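Below is one structure, written out as structure tokens, with a few remarks after it.
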Amino acid sequence: MSEFEPIIVTFACHYCAYGAADLAGVMRLQYPPSIRIVKVPCTGRVDVHHILTAFEKGADGVIVAGCRIGDCHFKDGNIKATRRVQYVRKLLKEIGLDEERLNMYYMSSAEGARFAEVASEMTEKIKSLGPNPLRKEAKR
Amino acid sequence: MIIANRKPFEEIKAMVAPFNRILVLGCGTCVTVDFSGGEKQVGILASELRMARQLEGKPLETLEYTVQRQCEWEFIDPIAEMVRGVDAVLSMACGVGVQAMAERYPDKIILPALNTVMMGMPIEAGVFVERCAGCGNCVLAITGGICPIARCSKNLLNGPCGGSQNGKCEVNPEIDCAWHLIYEKLKAMGRLNVLMEIIEPKDWRPAGGGGPRKIIREEVRLEV
């Protein structure tokens, strides 16, 4: 059986994490192919619905990647996102999914290496948790 | 507006456990503004329920809809077709909306997803406080616009009581003493003389002490 390759939906802020992901590519840094990037204008735009929909449609993990606290282009979008992520982690627990499948990370657009590190770290974590049991082809 | 709170997820899940197809019905008025039962909360609850049931191997089909107001016939009549097609309706309205649905659709199981808590307002984003108890006989004119019925733990009419300490209530130090607020407000306005008048014992019949309340406005009735 081939090794489980997770799908991790990453909501990346245009002003930081998306730039960091781009930089990681330019720097030729290796990171797992599990990451699926959704560019958002700010993590403050990421709603509870977006994260739940990702899980319902079978994502094994979700990353919300925003600017460092204090660096948000829109002042406090990343703080709002942090609160929402905390809320959705609570919902995941209620549903019966491991809350560790969802995480928020902070980085600047200059941190290509950090993005690669986060991608690897989350991929390892999800691999240890196994596939999202809601995924159609997932083995129970 | 009416402020409500979503019931614990486990309780809601247990309520809908016997059903395979439900309508999660939101209300577009008070509970939308207080973020407990609007269109967004309908989507979140429906998604949560679908996933939880999927994990249990007993998939749940959900319809999601939000009417402008669940407490008026004209808004809940048009969804008759939708209601007919489901096993039960999970209402995310206040208790009034749930009862309106139960009365309009007597053959359908209508379940409440919220606990209706109070009449109040948001004092800042995400913080809601009680402001009116619906006592049926408003005293705000003589209490500086601060309600001692809704905001004093003892509903005192001639307060404060001995439990008022440094402007806080003895019931919970997070509660402001309503009578302290009233005194400070009237003092700032130079209207302390208002407090010289003793408020007579309150007639609690209009507050519900005389049974369920009903108001008839003859001038707007249509029946002849």
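For the structure tokens, the naming scheme is as follows: chains receive sequential letters (A, B, ...) according to their order of presentation, residues are indexed from 1 within each chain, and ligands are indexed from 1 in presentation order.
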
(message) I need the contact residues of chain A against chain B, so if you could list those with any atom within 12 Å, counting only C-alpha atoms, and return them as a VMD selection string, that would help.
(response) chain A and resid 47 to 58 80 83 87 to 97 132 to 136 138 140

Keeping N, CA and C atoms, export the residues of the selection given above as a JSON list (two decimals), in the first residue's frame.
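Generated output (selection_25.json):
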[["chain", "number", "residue", "atom", "x", "y", "z"],
["A", 47, "ASP", "N", -13.47, 32.54, 6.68],
["A", 47, "ASP", "CA", -14.62, 32.38, 7.56],
["A", 47, "ASP", "C", -14.72, 30.95, 8.08],
["A", 48, "VAL", "N", -15.50, 30.79, 9.14],
["A", 48, "VAL", "CA", -15.75, 29.47, 9.72],
["A", 48, "VAL", "C", -16.21, 28.50, 8.63],
["A", 49, "HIS", "N", -17.10, 29.02, 7.74],
["A", 49, "HIS", "CA", -17.64, 28.21, 6.65],
["A", 49, "HIS", "C", -16.57, 27.63, 5.74],
["A", 50, "HIS", "N", -15.58, 28.49, 5.40],
["A", 50, "HIS", "CA", -14.54, 28.05, 4.47],
["A", 50, "HIS", "C", -13.79, 26.85, 5.04],
["A", 51, "ILE", "N", -13.47, 26.94, 6.33],
["A", 51, "ILE", "CA", -12.69, 25.86, 6.96],
["A", 51, "ILE", "C", -13.54, 24.59, 7.07],
["A", 52, "LEU", "N", -14.80, 24.76, 7.51],
["A", 52, "LEU", "CA", -15.67, 23.58, 7.65],
["A", 52, "LEU", "C", -15.89, 22.91, 6.30],
["A", 53, "THR", "N", -16.07, 23.74, 5.25],
["A", 53, "THR", "CA", -16.31, 23.18, 3.91],
["A", 53, "THR", "C", -15.10, 22.35, 3.46],
["A", 54, "ALA", "N", -13.90, 22.86, 3.76],
["A", 54, "ALA", "CA", -12.70, 22.12, 3.38],
["A", 54, "ALA", "C", -12.72, 20.73, 4.02],
["A", 55, "PHE", "N", -13.04, 20.68, 5.30],
["A", 55, "PHE", "CA", -13.06, 19.38, 5.99],
["A", 55, "PHE", "C", -14.19, 18.50, 5.47],
["A", 56, "GLU", "N", -15.35, 19.13, 5.25],
["A", 56, "GLU", "CA", -16.50, 18.33, 4.79],
["A", 56, "GLU", "C", -16.22, 17.72, 3.43],
["A", 57, "LYS", "N", -15.45, 18.45, 2.60],
["A", 57, "LYS", "CA", -15.16, 17.93, 1.27],
["A", 57, "LYS", "C", -13.96, 17.00, 1.26],
["A", 58, "GLY", "N", -13.40, 16.76, 2.46],
["A", 58, "GLY", "CA", -12.38, 15.71, 2.55],
["A", 58, "GLY", "C", -10.96, 16.14, 2.81],
["A", 80, "LYS", "N", -8.38, 38.38, 14.14],
["A", 80, "LYS", "CA", -9.74, 37.86, 13.95],
["A", 80, "LYS", "C", -9.67, 36.40, 13.49],
["A", 83, "ARG", "N", -8.98, 34.00, 16.31],
["A", 83, "ARG", "CA", -10.17, 33.69, 17.12],
["A", 83, "ARG", "C", -11.06, 32.69, 16.40],
["A", 87, "TYR", "N", -12.24, 28.91, 17.42],
["A", 87, "TYR", "CA", -13.66, 28.52, 17.44],
["A", 87, "TYR", "C", -13.87, 27.24, 16.62],
["A", 88, "VAL", "N", -13.28, 27.20, 15.42],
["A", 88, "VAL", "CA", -13.49, 26.02, 14.57],
["A", 88, "VAL", "C", -12.83, 24.78, 15.19],
["A", 89, "ARG", "N", -11.72, 24.97, 15.88],
["A", 89, "ARG", "CA", -11.09, 23.83, 16.57],
["A", 89, "ARG", "C", -12.06, 23.24, 17.59],
["A", 90, "LYS", "N", -12.81, 24.12, 18.24],
["A", 90, "LYS", "CA", -13.82, 23.66, 19.20],
["A", 90, "LYS", "C", -14.93, 22.88, 18.47],
["A", 91, "LEU", "N", -15.34, 23.42, 17.30],
["A", 91, "LEU", "CA", -16.38, 22.74, 16.51],
["A", 91, "LEU", "C", -15.90, 21.37, 16.05],
["A", 92, "LEU", "N", -14.63, 21.29, 15.63],
["A", 92, "LEU", "CA", -14.09, 20.02, 15.15],
["A", 92, "LEU", "C", -14.17, 18.96, 16.25],
["A", 93, "LYS", "N", -13.86, 19.39, 17.46],
["A", 93, "LYS", "CA", -13.92, 18.49, 18.61],
["A", 93, "LYS", "C", -15.35, 17.97, 18.80],
["A", 94, "GLU", "N", -16.32, 18.90, 18.68],
["A", 94, "GLU", "CA", -17.74, 18.52, 18.82],
["A", 94, "GLU", "C", -18.12, 17.49, 17.76],
["A", 95, "ILE", "N", -17.62, 17.73, 16.55],
["A", 95, "ILE", "CA", -17.98, 16.86, 15.43],
["A", 95, "ILE", "C", -17.37, 15.47, 15.61],
["A", 96, "GLY", "N", -16.18, 15.44, 16.23],
["A", 96, "GLY", "CA", -15.49, 14.17, 16.39],
["A", 96, "GLY", "C", -14.26, 14.06, 15.51],
["A", 97, "LEU", "N", -13.82, 15.21, 14.98],
["A", 97, "LEU", "CA", -12.57, 15.25, 14.20],
["A", 97, "LEU", "C", -11.49, 15.80, 15.12],
["A", 132, "ASN", "N", -8.54, 12.05, 6.77],
["A", 132, "ASN", "CA", -9.83, 12.57, 7.25],
["A", 132, "ASN", "C", -10.87, 11.47, 7.06],
["A", 133, "PRO", "N", -11.49, 11.01, 8.15],
["A", 133, "PRO", "CA", -12.46, 9.91, 8.01],
["A", 133, "PRO", "C", -13.66, 10.27, 7.14],
["A", 134, "LEU", "N", -13.83, 11.56, 6.82],
["A", 134, "LEU", "CA", -14.95, 11.97, 5.97],
["A", 134, "LEU", "C", -14.61, 11.83, 4.49],
["A", 135, "ARG", "N", -13.32, 11.62, 4.21],
["A", 135, "ARG", "CA", -12.90, 11.51, 2.82],
["A", 135, "ARG", "C", -13.45, 10.23, 2.24],
["A", 136, "LYS", "N", -14.02, 10.34, 1.07],
["A", 136, "LYS", "CA", -14.74, 9.20, 0.48],
["A", 136, "LYS", "C", -13.88, 7.94, 0.36],
["A", 138, "ALA", "N", -11.25, 7.35, 2.03],
["A", 138, "ALA", "CA", -10.50, 7.06, 3.26],
["A", 138, "ALA", "C", -10.88, 5.70, 3.83],
["A", 140, "ARG", "N", -11.51, 3.35, 6.85],
["A", 140, "ARG", "CA", -11.89, 3.49, 8.26],
["A", 140, "ARG", "C", -11.00, 2.62, 9.14]]

(request) Could you give me, as a PyMOL selection string, the residues within 12 Å of region 59-62 of chain A, counting only C-alpha atoms and dropping anything in the same chain fewer than 5 positions from it? (result) chain A and resi 4-12+34-38+46+48+50-54+85+88-89+92+97-105+118-119+121-138

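Rounded to one decimal, CA of Lys75 (chain A) and CA of Thr43 (chain A) lie 11.3 Å from each other.
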
(request) Pick out the residues sitting within 8 Å of region 125-133 of chain B, and hand them over as a list of chain:residue names; count only C-alpha atoms, and ignore anything fewer than 6 positions along from it in its own chain. (result)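 Once the adjacent positions are removed, what remains is B:Ile3, B:Asp34, B:Met118, B:Met119, B:Cys147, B:Ile149, B:Ala150, B:Arg151.
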
(request) Identify which of the residues B:Gly162, B:Gly136, B:Pro59, B:Pro201 lies closest to Ile215 (chain B), counting only C-alpha atoms when measuring atom-to-atom distances. (result)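 Nearest to Ile215 (chain B): B:Gly136.
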
(request) Could you please write out, as a ChimeraX atom specification, every residue of region 126-211 of chain B that DSSP assigns to helix (DSSP H, G or I)? (result) /B:140-142,148-151,178-188,192-196,205-207

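Residues surrounding Cys42 (chain A) within 9 Å are Ala12, Cys13, His14, Tyr15, Cys16, Gly66, Cys67, Cys72, His73, Phe74, Gly77, Asn78 and Ala81 of chain A [only C-alpha atoms; sequence separation below 5 positions excluded].
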
(message) Which residues are near Leu23 (chain A)? Cut-off 9 Å, only C-alpha atoms, ignore same chain within fewer than 2 positions. Put them as an NGL selection string.
(response) :A and (18-21 or 25-29 or 109-113 or 115)

(message) Excluding Glu61 (chain B) and its own-chain neighbours fewer than 4 positions away, which residues fall within 7 Å of it when counting only C-alpha atoms? Please give them as a PyMOL selection string.
(response) chain B and resi 20-22

Suppose we keep C-alpha atoms; can you now write the selection as a tab-separated table (two decimals), in the first residue's frame?
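Contents of again26.tsv, freshly written:
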chain	number	residue	atom	x	y	z
B	20	ASN	CA	-32.49	11.24	8.15
B	21	ARG	CA	-33.59	14.41	6.42
B	22	ILE	CA	-34.05	17.68	8.27

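Relative to CA of Gly28 (chain B), CA of Met15 (chain B) is found at 23.1 Å.
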
(request) Counting only C-alpha atoms, figure out which residue out of A:Asp76, A:Thr82, A:Pro33, A:Ala17 gets nearest to Ser120 (chain A). (result) A:Pro33

(message) Can you tell me which residues surround region 66-80 of chain B at a distance of at most 9 Å, considering only C-alpha atoms, apart from same-chain residues fewer than 4 positions away, and format the answer as a PyMOL selection string?
(response) chain B and resi 24-30+37-39+42+84-85+91-94+96-101+104-105

Could you take the residues named above and write them with C-alpha atoms, as a short mmCIF file (atom, residue, chain, number, x, y, z; two decimals), in the first residue's frame?
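In the end it all went to result.cif:
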data_model
loop_
_atom_site.label_atom_id
_atom_site.label_comp_id
_atom_site.auth_asym_id
_atom_site.auth_seq_id
_atom_site.Cartn_x
_atom_site.Cartn_y
_atom_site.Cartn_z
CA VAL B 24 -32.28 23.66 9.46
CA LEU B 25 -34.32 26.83 9.54
CA GLY B 26 -32.78 30.15 10.51
CA CYS B 27 -34.43 33.41 11.38
CA GLY B 28 -33.33 36.66 9.77
CA THR B 29 -34.19 39.05 12.55
CA CYS B 30 -32.98 39.10 16.21
CA GLY B 37 -29.50 31.60 14.50
CA GLY B 38 -28.95 33.50 11.26
CA GLU B 39 -28.07 32.23 7.80
CA VAL B 42 -27.56 27.66 9.93
CA ARG B 84 -43.38 18.80 3.88
CA GLY B 85 -40.29 17.17 2.38
CA SER B 91 -35.47 25.74 14.15
CA MET B 92 -32.74 28.25 14.91
CA ALA B 93 -35.25 30.91 15.96
CA CYS B 94 -36.15 32.07 19.45
CA VAL B 96 -41.50 32.42 19.60
CA GLY B 97 -40.36 31.28 16.17
CA VAL B 98 -40.24 27.62 17.19
CA GLN B 99 -43.82 27.84 18.49
CA ALA B 100 -45.02 29.68 15.40
CA MET B 101 -43.62 26.87 13.25
CA ARG B 104 -48.41 26.43 11.54
CA TYR B 105 -47.16 22.92 10.80
#
